[in-house]
$ cat start_22.cif   # mmCIF, C-alpha atoms
data_protein
#
loop_
_atom_site.group_PDB
_atom_site.id
_atom_site.type_symbol
_atom_site.label_atom_id
_atom_site.label_comp_id
_atom_site.auth_asym_id
_atom_site.auth_seq_id
_atom_site.Cartn_x
_atom_site.Cartn_y
_atom_site.Cartn_z
ATOM 1 C CA MET A 722 0.000 0.000 0.000
ATOM 2 C CA LYS A 723 1.468 3.350 -0.989
ATOM 3 C CA PHE A 724 2.501 5.709 1.808
ATOM 4 C CA TYR A 725 1.366 9.307 1.318
ATOM 5 C CA SER A 726 3.437 11.969 3.004
ATOM 6 C CA ARG A 727 1.629 14.971 4.401
ATOM 7 C CA ARG A 728 3.128 17.039 1.576
ATOM 8 C CA GLU A 729 1.490 14.690 -0.936
ATOM 9 C CA VAL A 730 -1.804 14.970 0.940
ATOM 10 C CA SER A 731 -1.671 18.735 0.456
ATOM 11 C CA LYS A 732 -1.027 18.370 -3.272
ATOM 12 C CA ILE A 733 -3.929 15.931 -3.672
ATOM 13 C CA LEU A 734 -6.273 18.259 -1.834
ATOM 14 C CA PHE A 735 -5.580 21.123 -4.172
ATOM 15 C CA THR A 736 -5.498 18.972 -7.331
ATOM 16 C CA GLY A 737 -8.969 17.538 -6.676
ATOM 17 C CA GLY A 738 -10.929 15.456 -9.192
ATOM 18 C CA ALA A 739 -9.454 12.106 -10.115
ATOM 19 C CA ALA A 740 -6.563 12.560 -7.697
ATOM 20 C CA MET A 741 -8.991 12.323 -4.809
ATOM 21 C CA SER A 742 -9.859 8.756 -5.780
ATOM 22 C CA ALA A 743 -6.297 7.788 -4.925
ATOM 23 C CA PHE A 744 -6.775 9.069 -1.405
ATOM 24 C CA PRO A 745 -10.359 8.157 -0.469
ATOM 25 C CA HIS A 746 -10.221 9.178 3.186
ATOM 26 C CA LEU A 747 -10.069 12.814 2.061
ATOM 27 C CA ALA A 748 -13.346 12.535 0.138
ATOM 28 C CA PHE A 749 -15.680 12.056 3.083
ATOM 29 C CA ASN A 750 -19.220 10.925 2.480
ATOM 30 C CA LYS A 751 -21.325 13.877 3.587
ATOM 31 C CA ASN A 752 -23.895 11.484 4.981
ATOM 32 C CA GLU A 753 -21.309 9.690 7.113
ATOM 33 C CA LYS A 754 -20.906 10.933 10.661
ATOM 34 C CA MET A 755 -17.759 10.840 12.748
ATOM 35 C CA ILE A 756 -17.812 8.217 15.486
ATOM 36 C CA GLU A 757 -18.870 9.646 18.848
ATOM 37 C CA ARG A 758 -18.420 8.463 22.427
ATOM 38 C CA LYS A 759 -20.387 9.238 25.547
ATOM 39 C CA ILE A 760 -19.243 11.619 28.260
ATOM 40 C CA PRO A 761 -19.861 9.363 31.283
ATOM 41 C CA SER A 762 -21.012 12.145 33.626
ATOM 42 C CA SER A 763 -23.758 13.220 31.213
ATOM 43 C CA SER A 764 -25.883 11.804 28.433
ATOM 44 C CA LYS A 765 -24.020 13.797 25.779
ATOM 45 C CA THR A 766 -21.481 12.535 23.257
ATOM 46 C CA LEU A 767 -18.374 13.905 21.559
ATOM 47 C CA PRO A 768 -16.775 13.153 18.182
ATOM 48 C CA ILE A 769 -13.634 11.127 18.811
ATOM 49 C CA VAL A 770 -11.139 13.442 17.055
ATOM 50 C CA GLY A 771 -10.683 17.073 18.045
ATOM 51 C CA LEU A 772 -8.021 19.760 17.873
ATOM 52 C CA GLY A 773 -5.209 20.815 20.193
ATOM 53 C CA THR A 774 -3.893 24.385 19.971
ATOM 54 C CA TRP A 775 -0.514 24.275 21.737
ATOM 55 C CA GLN A 776 2.017 26.102 19.498
ATOM 56 C CA SER A 777 -0.151 25.640 16.392
ATOM 57 C CA PHE A 778 -2.627 28.441 17.248
ATOM 58 C CA ASP A 779 -0.106 30.833 18.821
ATOM 59 C CA ALA A 780 -0.415 33.087 15.773
ATOM 60 C CA GLY A 781 -0.296 36.499 17.418
ATOM 61 C CA ALA A 782 -0.955 39.230 14.850
ATOM 62 C CA ASP A 783 0.135 37.117 11.861
ATOM 63 C CA VAL A 784 -2.745 37.774 9.425
ATOM 64 C CA GLU A 785 -1.738 35.098 6.933
ATOM 65 C CA LEU A 786 -1.408 32.426 9.602
ATOM 66 C CA ARG A 787 -4.744 33.433 11.127
ATOM 67 C CA GLU A 788 -6.414 32.974 7.733
ATOM 68 C CA GLN A 789 -4.852 29.533 7.490
ATOM 69 C CA LEU A 790 -6.072 28.651 10.989
ATOM 70 C CA ALA A 791 -9.580 29.793 10.078
ATOM 71 C CA THR A 792 -9.468 27.227 7.272
ATOM 72 C CA VAL A 793 -8.333 24.589 9.781
ATOM 73 C CA LEU A 794 -11.418 25.315 11.900
ATOM 74 C CA LYS A 795 -13.706 25.201 8.863
ATOM 75 C CA GLU A 796 -12.288 21.884 7.670
ATOM 76 C CA MET A 797 -12.532 20.450 11.174
ATOM 77 C CA HIS A 798 -16.188 21.488 11.329
ATOM 78 C CA ASN A 799 -16.873 20.100 7.843
ATOM 79 C CA LYS A 800 -15.596 16.698 8.968
ATOM 80 C CA GLY A 801 -17.573 16.727 12.225
ATOM 81 C CA GLY A 802 -14.877 17.599 14.759
ATOM 82 C CA GLN A 803 -15.941 19.622 17.794
ATOM 83 C CA VAL A 804 -13.385 19.725 20.624
ATOM 84 C CA ILE A 805 -10.999 22.699 20.621
ATOM 85 C CA ASP A 806 -8.568 22.505 23.528
ATOM 86 C CA SER A 807 -6.499 25.503 24.635
ATOM 87 C CA SER A 808 -4.804 27.040 27.683
ATOM 88 C CA PRO A 809 -3.507 30.397 28.943
ATOM 89 C CA MET A 810 -0.108 28.685 28.742
ATOM 90 C CA TYR A 811 -0.350 28.554 24.951
ATOM 91 C CA GLY A 812 0.622 32.139 24.145
ATOM 92 C CA SER A 813 -2.027 33.840 22.011
ATOM 93 C CA SER A 814 -3.913 30.615 21.238
ATOM 94 C CA GLU A 815 -6.995 31.377 23.351
ATOM 95 C CA GLU A 816 -7.329 34.815 21.789
ATOM 96 C CA VAL A 817 -6.846 33.431 18.277
ATOM 97 C CA VAL A 818 -9.461 30.715 18.852
ATOM 98 C CA GLY A 819 -11.903 33.291 20.206
ATOM 99 C CA ASP A 820 -11.351 35.751 17.372
ATOM 100 C CA LEU A 821 -11.545 33.186 14.559
ATOM 101 C CA THR A 822 -14.559 31.297 15.861
ATOM 102 C CA SER A 823 -16.463 34.542 16.474
ATOM 103 C CA LYS A 824 -16.471 35.093 12.698
ATOM 104 C CA LEU A 825 -17.899 31.661 11.885
ATOM 105 C CA ASP A 826 -21.595 30.927 11.386
ATOM 106 C CA PHE A 827 -21.127 27.636 13.236
ATOM 107 C CA GLN A 828 -19.321 29.104 16.263
ATOM 108 C CA GLU A 829 -21.641 27.341 18.710
ATOM 109 C CA SER A 830 -21.063 23.913 17.173
ATOM 110 C CA PHE A 831 -17.659 23.601 18.847
ATOM 111 C CA PHE A 832 -16.895 22.184 22.275
ATOM 112 C CA TYR A 833 -14.590 24.730 23.938
ATOM 113 C CA ALA A 834 -12.032 23.570 26.486
ATOM 114 C CA THR A 835 -9.355 25.537 28.277
ATOM 115 C CA LYS A 836 -7.429 25.410 31.538
ATOM 116 C CA VAL A 837 -6.386 27.238 34.686
ATOM 117 C CA TRP A 838 -2.614 27.412 35.058
ATOM 118 C CA THR A 839 -1.607 29.464 38.083
ATOM 119 C CA THR A 840 -1.501 29.317 41.875
ATOM 120 C CA GLY A 841 -3.963 30.769 44.371
ATOM 121 C CA ARG A 842 -7.747 31.099 44.327
ATOM 122 C CA LYS A 843 -7.834 34.784 43.383
ATOM 123 C CA ALA A 844 -5.236 34.442 40.637
ATOM 124 C CA GLY A 845 -7.061 31.378 39.376
ATOM 125 C CA MET A 846 -10.392 33.190 39.071
ATOM 126 C CA GLU A 847 -8.742 36.151 37.357
ATOM 127 C CA GLN A 848 -7.073 33.845 34.864
ATOM 128 C CA ILE A 849 -10.292 31.925 34.215
ATOM 129 C CA ASN A 850 -12.207 35.148 33.593
ATOM 130 C CA SER A 851 -9.493 36.335 31.217
ATOM 131 C CA SER A 852 -9.613 33.018 29.349
ATOM 132 C CA MET A 853 -13.386 33.297 28.992
ATOM 133 C CA GLN A 854 -13.006 36.789 27.525
ATOM 134 C CA ARG A 855 -10.192 35.811 25.163
ATOM 135 C CA MET A 856 -12.142 32.832 23.852
ATOM 136 C CA GLY A 857 -15.349 34.855 23.614
ATOM 137 C CA ARG A 858 -17.273 32.547 25.924
ATOM 138 C CA LYS A 859 -19.891 33.458 28.521
ATOM 139 C CA SER A 860 -19.611 29.884 29.729
ATOM 140 C CA MET A 861 -17.014 27.206 29.024
ATOM 141 C CA ASP A 862 -17.787 23.646 28.006
ATOM 142 C CA LEU A 863 -14.773 22.269 29.838
ATOM 143 C CA LEU A 864 -12.367 23.902 32.290
ATOM 144 C CA GLN A 865 -9.343 21.877 33.363
ATOM 145 C CA ILE A 866 -6.565 22.198 35.928
ATOM 146 C CA HIS A 867 -3.459 22.408 33.754
ATOM 147 C CA ASN A 868 -0.689 19.988 34.741
ATOM 148 C CA LEU A 869 -2.277 19.741 38.231
ATOM 149 C CA VAL A 870 -0.877 23.176 39.185
ATOM 150 C CA ASP A 871 -2.326 24.018 42.634
ATOM 151 C CA TRP A 872 -5.060 21.501 41.912
ATOM 152 C CA ARG A 873 -6.496 21.377 45.430
ATOM 153 C CA THR A 874 -7.191 25.123 45.367
ATOM 154 C CA HIS A 875 -8.731 25.122 41.892
ATOM 155 C CA LEU A 876 -10.767 21.998 42.541
ATOM 156 C CA SER A 877 -13.336 23.782 44.701
ATOM 157 C CA THR A 878 -13.427 26.722 42.263
ATOM 158 C CA LEU A 879 -14.261 24.491 39.312
ATOM 159 C CA LYS A 880 -16.842 22.488 41.237
ATOM 160 C CA ASN A 881 -18.564 25.729 42.256
ATOM 161 C CA MET A 882 -18.458 26.998 38.675
ATOM 162 C CA LYS A 883 -20.059 23.791 37.422
ATOM 163 C CA GLU A 884 -22.789 24.056 40.039
ATOM 164 C CA SER A 885 -23.507 27.664 39.049
ATOM 165 C CA GLY A 886 -23.570 26.814 35.343
ATOM 166 C CA SER A 887 -20.470 28.854 34.414
ATOM 167 C CA ILE A 888 -18.876 25.684 33.072
ATOM 168 C CA THR A 889 -20.430 22.417 31.942
ATOM 169 C CA TYR A 890 -17.592 20.083 32.911
ATOM 170 C CA TRP A 891 -14.371 20.218 34.910
ATOM 171 C CA GLY A 892 -11.227 18.192 34.534
ATOM 172 C CA ILE A 893 -7.539 17.636 35.217
ATOM 173 C CA THR A 894 -4.611 17.389 32.814
ATOM 174 C CA HIS A 895 -0.987 16.420 32.450
ATOM 175 C CA TYR A 896 1.369 15.564 29.592
ATOM 176 C CA SER A 897 3.891 13.311 31.339
ATOM 177 C CA ASP A 898 4.014 9.633 32.315
ATOM 178 C CA SER A 899 5.361 10.670 35.714
ATOM 179 C CA ALA A 900 2.000 12.222 36.619
ATOM 180 C CA HIS A 901 -0.151 9.184 35.828
ATOM 181 C CA SER A 902 -0.238 7.853 39.374
ATOM 182 C CA LYS A 903 -1.333 11.227 40.729
ATOM 183 C CA LEU A 904 -3.976 11.578 38.033
ATOM 184 C CA ALA A 905 -5.331 8.129 38.919
ATOM 185 C CA GLU A 906 -5.423 9.042 42.604
ATOM 186 C CA ILE A 907 -7.425 12.212 41.920
ATOM 187 C CA ILE A 908 -9.769 10.423 39.524
ATOM 188 C CA LYS A 909 -10.607 7.828 42.169
ATOM 189 C CA LYS A 910 -11.200 10.390 44.898
ATOM 190 C CA GLU A 911 -12.731 13.386 43.103
ATOM 191 C CA LYS A 912 -14.417 11.824 40.033
ATOM 192 C CA PRO A 913 -13.631 14.618 37.528
ATOM 193 C CA ASP A 914 -15.770 14.804 34.394
ATOM 194 C CA PHE A 915 -12.625 14.682 32.236
ATOM 195 C CA ALA A 916 -8.981 13.717 32.504
ATOM 196 C CA GLN A 917 -6.537 14.698 29.779
ATOM 197 C CA PHE A 918 -3.172 12.967 29.479
ATOM 198 C CA ASN A 919 -0.540 11.658 27.073
ATOM 199 C CA PHE A 920 -0.979 8.377 25.234
ATOM 200 C CA SER A 921 0.396 7.192 21.908
ATOM 201 C CA MET A 922 1.963 4.182 20.247
ATOM 202 C CA ALA A 923 5.293 5.492 21.559
ATOM 203 C CA GLU A 924 4.060 6.435 25.056
ATOM 204 C CA ARG A 925 1.897 3.576 26.282
ATOM 205 C CA ARG A 926 2.107 3.823 30.063
ATOM 206 C CA ALA A 927 -1.534 4.958 30.197
ATOM 207 C CA GLU A 928 -2.481 1.410 29.192
ATOM 208 C CA GLN A 929 -1.053 0.033 32.447
ATOM 209 C CA PHE A 930 -3.743 1.486 34.721
ATOM 210 C CA LEU A 931 -4.766 5.090 33.967
ATOM 211 C CA LEU A 932 -7.176 4.425 31.111
ATOM 212 C CA LYS A 933 -8.956 1.712 33.086
ATOM 213 C CA THR A 934 -9.052 3.918 36.195
ATOM 214 C CA ALA A 935 -10.787 6.647 34.215
ATOM 215 C CA GLN A 936 -13.230 4.200 32.656
ATOM 216 C CA ASP A 937 -14.063 2.556 36.004
ATOM 217 C CA ASN A 938 -14.715 5.919 37.662
ATOM 218 C CA GLY A 939 -16.856 7.488 34.959
ATOM 219 C CA THR A 940 -14.262 9.997 33.762
ATOM 220 C CA ALA A 941 -14.084 10.956 30.086
ATOM 221 C CA VAL A 942 -10.601 10.862 28.562
ATOM 222 C CA ILE A 943 -8.961 13.371 26.218
ATOM 223 C CA ILE A 944 -5.639 12.262 24.775
ATOM 224 C CA ASN A 945 -2.828 14.740 24.185
ATOM 225 C CA ARG A 946 0.524 14.006 22.469
ATOM 226 C CA PRO A 947 -1.067 11.365 20.200
ATOM 227 C CA PHE A 948 1.938 11.532 17.876
ATOM 228 C CA ALA A 949 4.468 11.620 20.749
ATOM 229 C CA GLY A 950 5.599 15.123 19.852
ATOM 230 C CA GLY A 951 6.082 14.144 16.213
ATOM 231 C CA SER A 952 8.538 11.333 16.958
ATOM 232 C CA LEU A 953 6.167 8.731 15.508
ATOM 233 C CA PHE A 954 6.230 10.422 12.102
ATOM 234 C CA ARG A 955 10.021 10.503 12.170
ATOM 235 C CA SER A 956 10.089 6.773 12.917
ATOM 236 C CA VAL A 957 8.059 5.934 9.782
ATOM 237 C CA LYS A 958 9.522 8.476 7.373
ATOM 238 C CA GLY A 959 9.692 6.914 3.907
ATOM 239 C CA LYS A 960 7.987 3.724 5.093
ATOM 240 C CA GLU A 961 4.876 2.300 3.470
ATOM 241 C CA LEU A 962 1.710 1.456 5.352
ATOM 242 C CA PRO A 963 1.027 -2.278 5.701
ATOM 243 C CA THR A 964 -1.276 -3.588 2.998
ATOM 244 C CA TRP A 965 -3.895 -4.641 5.568
ATOM 245 C CA ALA A 966 -4.278 -1.081 6.950
ATOM 246 C CA LYS A 967 -6.990 -0.364 4.397
ATOM 247 C CA GLU A 968 -9.140 -3.029 6.082
ATOM 248 C CA LEU A 969 -9.291 -0.663 9.071
ATOM 249 C CA ASP A 970 -10.048 2.333 6.833
ATOM 250 C CA ILE A 971 -6.532 3.655 7.469
ATOM 251 C CA TYR A 972 -5.001 5.656 4.600
ATOM 252 C CA SER A 973 -2.111 7.495 6.285
ATOM 253 C CA TRP A 974 0.323 7.080 9.160
ATOM 254 C CA ALA A 975 -1.506 9.804 11.087
ATOM 255 C CA GLN A 976 -4.656 7.698 10.952
ATOM 256 C CA PHE A 977 -2.660 4.585 11.866
ATOM 257 C CA PHE A 978 -1.379 6.280 15.037
ATOM 258 C CA LEU A 979 -4.741 7.813 15.949
ATOM 259 C CA LYS A 980 -6.793 4.679 15.339
ATOM 260 C CA TYR A 981 -4.526 2.714 17.658
ATOM 261 C CA ILE A 982 -5.445 5.189 20.421
ATOM 262 C CA LEU A 983 -9.120 5.365 19.507
ATOM 263 C CA GLY A 984 -9.383 1.585 19.473
ATOM 264 C CA ASN A 985 -9.273 1.761 23.265
ATOM 265 C CA GLU A 986 -12.874 2.331 24.352
ATOM 266 C CA ALA A 987 -11.788 4.312 27.435
ATOM 267 C CA VAL A 988 -10.669 7.120 25.109
ATOM 268 C CA THR A 989 -13.341 9.747 24.501
ATOM 269 C CA CYS A 990 -11.405 12.050 22.158
ATOM 270 C CA ALA A 991 -7.871 12.545 20.840
ATOM 271 C CA ILE A 992 -6.688 16.100 20.132
ATOM 272 C CA PRO A 993 -3.800 16.236 17.643
ATOM 273 C CA GLY A 994 -2.625 19.798 17.140
ATOM 274 C CA THR A 995 -2.025 21.323 13.729
ATOM 275 C CA SER A 996 -1.991 24.650 11.923
ATOM 276 C CA LYS A 997 -2.382 23.088 8.471
ATOM 277 C CA PRO A 998 -5.738 22.425 6.764
ATOM 278 C CA HIS A 999 -4.599 19.244 4.984
ATOM 279 C CA HIS A 1000 -3.311 17.853 8.287
ATOM 280 C CA VAL A 1001 -6.594 18.450 10.087
ATOM 281 C CA ILE A 1002 -8.494 16.725 7.266
ATOM 282 C CA ASP A 1003 -6.128 13.772 7.495
ATOM 283 C CA ASN A 1004 -6.491 13.649 11.291
ATOM 284 C CA MET A 1005 -10.289 13.846 11.187
ATOM 285 C CA GLY A 1006 -10.275 10.827 8.870
ATOM 286 C CA ALA A 1007 -9.304 8.657 11.840
ATOM 287 C CA GLY A 1008 -12.764 9.256 13.267
ATOM 288 C CA PHE A 1009 -14.482 7.401 10.416
ATOM 289 C CA GLY A 1010 -14.788 3.765 9.435
ATOM 290 C CA ARG A 1011 -13.595 0.790 11.451
ATOM 291 C CA LEU A 1012 -11.637 1.019 14.672
ATOM 292 C CA PRO A 1013 -9.160 -1.750 15.518
ATOM 293 C CA ASN A 1014 -10.010 -4.403 18.095
ATOM 294 C CA GLU A 1015 -7.485 -5.571 20.660
ATOM 295 C CA LYS A 1016 -5.966 -8.219 18.401
ATOM 296 C CA GLU A 1017 -5.595 -5.711 15.595
ATOM 297 C CA ARG A 1018 -4.061 -3.122 17.912
ATOM 298 C CA LYS A 1019 -1.394 -5.641 18.923
ATOM 299 C CA LYS A 1020 -0.729 -6.283 15.248
ATOM 300 C CA MET A 1021 -0.294 -2.538 14.720
ATOM 301 C CA LEU A 1022 2.298 -2.405 17.521
ATOM 302 C CA VAL A 1023 4.246 -5.313 16.040
ATOM 303 C CA THR A 1024 4.184 -3.686 12.617
ATOM 304 C CA LEU A 1025 5.526 -0.398 13.984
ATOM 305 C CA SER A 1026 8.270 -2.094 16.008
ATOM 306 C CA ASN A 1027 9.441 -4.062 12.962
ATOM 307 C CA LEU A 1028 9.887 -1.052 10.680
#

$ encode --input "start_22.cif" --output "structure tokens"
Amino acid sequence: MKFYSRREVSKILFTGGAAMSAFPHLAFNKNEKMIERKIPSSSKTLPIVGLGTWQSFDAGADVELREQLATVLKEMHNKGGQVIDSSPMYGSSEEVVGDLTSKLDFQESFFYATKVWTTGRKAGMEQINSSMQRMGRKSMDLLQIHNLVDWRTHLSTLKNMKESGSITYWGITHYSDSAHSKLAEIIKKEKPDFAQFNFSMAERRAEQFLLKTAQDNGTAVIINRPFAGGSLFRSVKGKELPTWAKELDIYSWAQFFLKYILGNEAVTCAIPGTSKPHHVIDNMGAGFGRLPNEKERKKMLVTLSNL
């Protein structure tokens, strides 16, 4: 099976017509809907692929980049993605998300998530209010404690905000394997609506206990670092996809990596970050078609390790 680099994906997108038949996952059936999973603490569901904004949406006053990011949001929406995850830690990302989405007719179709990343109750509330303003939100779908910074202080703040209706859900986050035990401890005791943490084919510690802990305690899971900071793409550079990947509706390495994650039913949504329209289309493709079962996921791991 031919491997398509992300540069080739871009060329195919802009060539259109017959070229699209060579890359079928880009030509989504408009009647097909992205797979969704339930948020355990409510009756609502979320599409299983969303968008992270770390670095990618830190556009500042760059007009050209902002136009490109607006296209990313439009393509994400066209393919059924909803979750946009940001943080005050991410430079101008919150402001850029707020500005760009405010100009879209489908602004309210997104699921907005951000974080509190400071110490102290007063500073936390000030930062949360600033994030709401930057993202143009009167209420936030999901507010998370970023990297567990002063989590005990912010915990009561977020619970009170949920009770008052200022936020719909609250959660906790981290990006490192070293925090998994602490995340599991908090999940068991406090039952957050969401937990966000790292998990990929290159960083699999979450499979040891954290994913099951979240599932057993009714906590939705958002996965960050699904490509292990890009190292997974470097490991397969120039390599072809296995011929059987098409059986799982996988047409790129990005989808290979994402579908491995999404094959775990404890995962609610993965949030690969990108600033490029053709990348977001590719990523969203992982939310369609078949997902691998446990036997197939093991086969995917063996295939990757043998490259």

$ resolve_selection --input "start_22.cif" --expression "the PyMOL selection byres ((chain A and resi 773) around 7)" --output "PDB file with C-alpha atoms, in the coordinates of the input"
ATOM      1  CA  GLY A 771     -10.683  17.073  18.045  1.00  0.00           C
ATOM      2  CA  LEU A 772      -8.021  19.760  17.873  1.00  0.00           C
ATOM      3  CA  THR A 774      -3.893  24.385  19.971  1.00  0.00           C
ATOM      4  CA  TRP A 775      -0.514  24.275  21.737  1.00  0.00           C
ATOM      5  CA  ILE A 805     -10.999  22.699  20.621  1.00  0.00           C
ATOM      6  CA  ASP A 806      -8.568  22.505  23.528  1.00  0.00           C
ATOM      7  CA  SER A 807      -6.499  25.503  24.635  1.00  0.00           C
ATOM      8  CA  ILE A 992      -6.688  16.100  20.132  1.00  0.00           C
ATOM      9  CA  PRO A 993      -3.800  16.236  17.643  1.00  0.00           C
ATOM     10  CA  GLY A 994      -2.625  19.798  17.140  1.00  0.00           C
TER      11      GLY A 994
END

$ residues_around --input "start_22.cif" --residues "Thr835 of chain A" --least-positions-apart "2" --cutoff "9 Å" --atoms "all atoms listed in the file" --output "list in words"
Ile805, Asp806, Ser807, Ser808, Pro809, Glu815, Tyr833, Val837, Ile849, Ser852, Met853, Met856, Met861, Asp862, Leu863, Leu864, Gln865, Ile866 and His867 of chain A

$ resolve_selection --input "start_22.cif" --expression "the PyMOL selection byres ((chain A and resi 1001) around 12)" --output "ChimeraX atom specification"
/A:727,730-731,734,747,770-774,777,789-802,975-976,992-1000,1002-1008

$ closest_residue --input "start_22.cif" --among "A:Phe778, A:Phe1009, A:Phe827, A:Phe832" --to "Thr766 of chain A" --atoms "all atoms listed in the file"
A:Phe832

$ resolve_selection --input "start_22.cif" --expression "the PyMOL selection byres ((chain A and resi 882-890) around 10)" --output "PyMOL selection string"
chain A and resi 760+762-763+834+853+858-865+876-881+891-892+913-915

$ residues_around --input "start_22.cif" --residues "segment 936-942 of chain A" --least-positions-apart "3" --cutoff "7 Å" --atoms "only C-alpha atoms" --output "list of chain:residue names"
A:Ile760, A:Pro761, A:Ser762, A:Ile908, A:Lys909, A:Lys912, A:Pro913, A:Asp914, A:Phe915, A:Ala916, A:Gln917, A:Leu932, A:Lys933, A:Ala987, A:Val988, A:Thr989, A:Cys990

$ residues_around --input "start_22.cif" --residues "Lys1020 of chain A" --least-positions-apart "4" --cutoff "12 Å" --atoms "only C-alpha atoms" --output "ChimeraX atom specification"
/A:922,963,965-966,969,977,981,1013-1016,1024-1027

$ residues_around --input "start_22.cif" --residues "Gly951 of chain A" --least-positions-apart "2" --cutoff "12 Å" --atoms "all atoms listed in the file" --output "list in words"
Ser921, Met922, Ala923, Glu924, Asn945, Arg946, Pro947, Phe948, Ala949, Leu953, Phe954, Arg955, Ser956, Val957, Lys958, Trp974, Ala975, Phe978, Pro993, Gly994 and Thr995 of chain A

$ write_last_selection --input "start_22.cif" --atoms "C-alpha atoms" --output "PDB file, in the coordinates of the input"
ATOM      1  CA  SER A 921       0.396   7.192  21.908  1.00  0.00           C
ATOM      2  CA  MET A 922       1.963   4.182  20.247  1.00  0.00           C
ATOM      3  CA  ALA A 923       5.293   5.492  21.559  1.00  0.00           C
ATOM      4  CA  GLU A 924       4.060   6.435  25.056  1.00  0.00           C
ATOM      5  CA  ASN A 945      -2.828  14.740  24.185  1.00  0.00           C
ATOM      6  CA  ARG A 946       0.524  14.006  22.469  1.00  0.00           C
ATOM      7  CA  PRO A 947      -1.067  11.365  20.200  1.00  0.00           C
ATOM      8  CA  PHE A 948       1.938  11.532  17.876  1.00  0.00           C
ATOM      9  CA  ALA A 949       4.468  11.620  20.749  1.00  0.00           C
ATOM     10  CA  LEU A 953       6.167   8.731  15.508  1.00  0.00           C
ATOM     11  CA  PHE A 954       6.230  10.422  12.102  1.00  0.00           C
ATOM     12  CA  ARG A 955      10.021  10.503  12.170  1.00  0.00           C
ATOM     13  CA  SER A 956      10.089   6.773  12.917  1.00  0.00           C
ATOM     14  CA  VAL A 957       8.059   5.934   9.782  1.00  0.00           C
ATOM     15  CA  LYS A 958       9.522   8.476   7.373  1.00  0.00           C
ATOM     16  CA  TRP A 974       0.323   7.080   9.160  1.00  0.00           C
ATOM     17  CA  ALA A 975      -1.506   9.804  11.087  1.00  0.00           C
ATOM     18  CA  PHE A 978      -1.379   6.280  15.037  1.00  0.00           C
ATOM     19  CA  PRO A 993      -3.800  16.236  17.643  1.00  0.00           C
ATOM     20  CA  GLY A 994      -2.625  19.798  17.140  1.00  0.00           C
ATOM     21  CA  THR A 995      -2.025  21.323  13.729  1.00  0.00           C
TER      22      THR A 995
END

$ atom_distance --input "start_22.cif" --atom1 "atom CA of Lys824 of chain A" --atom2 "atom CA of Gly857 of chain A"
11.0 Å

$ atom_distance --input "start_22.cif" --atom1 "atom CA of Glu785 of chain A" --atom2 "atom CA of Ser851 of chain A"
25.5 Å

$ closest_residue --input "start_22.cif" --among "A:Val818, A:Leu983, A:Glu968, A:Gln929" --to "Pro768 of chain A" --atoms "all atoms listed in the file"
A:Leu983

$ atom_distance --input "start_22.cif" --atom1 "atom CA of Ile982 of chain A" --atom2 "atom CA of Ala935 of chain A"
14.9 Å

$ residues_near_point --input "start_22.cif" --point "(-1.4, 6.6, 32.9)" --cutoff "10 Å" --atoms "only C-alpha atoms" --output "ChimeraX atom specification"
/A:895-905,918-920,924-935

$ write_last_selection --input "start_22.cif" --atoms "C-alpha atoms" --output "CSV table (one decimal), in the frame of the given file"
chain,number,residue,atom,x,y,z
A,895,HIS,CA,-1.0,16.4,32.4
A,896,TYR,CA,1.4,15.6,29.6
A,897,SER,CA,3.9,13.3,31.3
A,898,ASP,CA,4.0,9.6,32.3
A,899,SER,CA,5.4,10.7,35.7
A,900,ALA,CA,2.0,12.2,36.6
A,901,HIS,CA,-0.2,9.2,35.8
A,902,SER,CA,-0.2,7.9,39.4
A,903,LYS,CA,-1.3,11.2,40.7
A,904,LEU,CA,-4.0,11.6,38.0
A,905,ALA,CA,-5.3,8.1,38.9
A,918,PHE,CA,-3.2,13.0,29.5
A,919,ASN,CA,-0.5,11.7,27.1
A,920,PHE,CA,-1.0,8.4,25.2
A,924,GLU,CA,4.1,6.4,25.1
A,925,ARG,CA,1.9,3.6,26.3
A,926,ARG,CA,2.1,3.8,30.1
A,927,ALA,CA,-1.5,5.0,30.2
A,928,GLU,CA,-2.5,1.4,29.2
A,929,GLN,CA,-1.1,0.0,32.4
A,930,PHE,CA,-3.7,1.5,34.7
A,931,LEU,CA,-4.8,5.1,34.0
A,932,LEU,CA,-7.2,4.4,31.1
A,933,LYS,CA,-9.0,1.7,33.1
A,934,THR,CA,-9.1,3.9,36.2
A,935,ALA,CA,-10.8,6.6,34.2

$ closest_residue --input "start_22.cif" --among "A:Val817, A:Ile907, A:Val804, A:Ile769" --to "Ala782 of chain A" --atoms "all atoms listed in the file"
A:Val817

$ residues_around --input "start_22.cif" --residues "Leu767 of chain A" --least-positions-apart "3" --cutoff "7 Å" --atoms "only C-alpha atoms" --output "NGL selection string"
:A and (757-759)

$ closest_residue --input "start_22.cif" --among "A:Ala780, A:Ile944, A:Arg873, A:Asn850" --to "Glu911 of chain A" --atoms "all atoms listed in the file"
A:Arg873
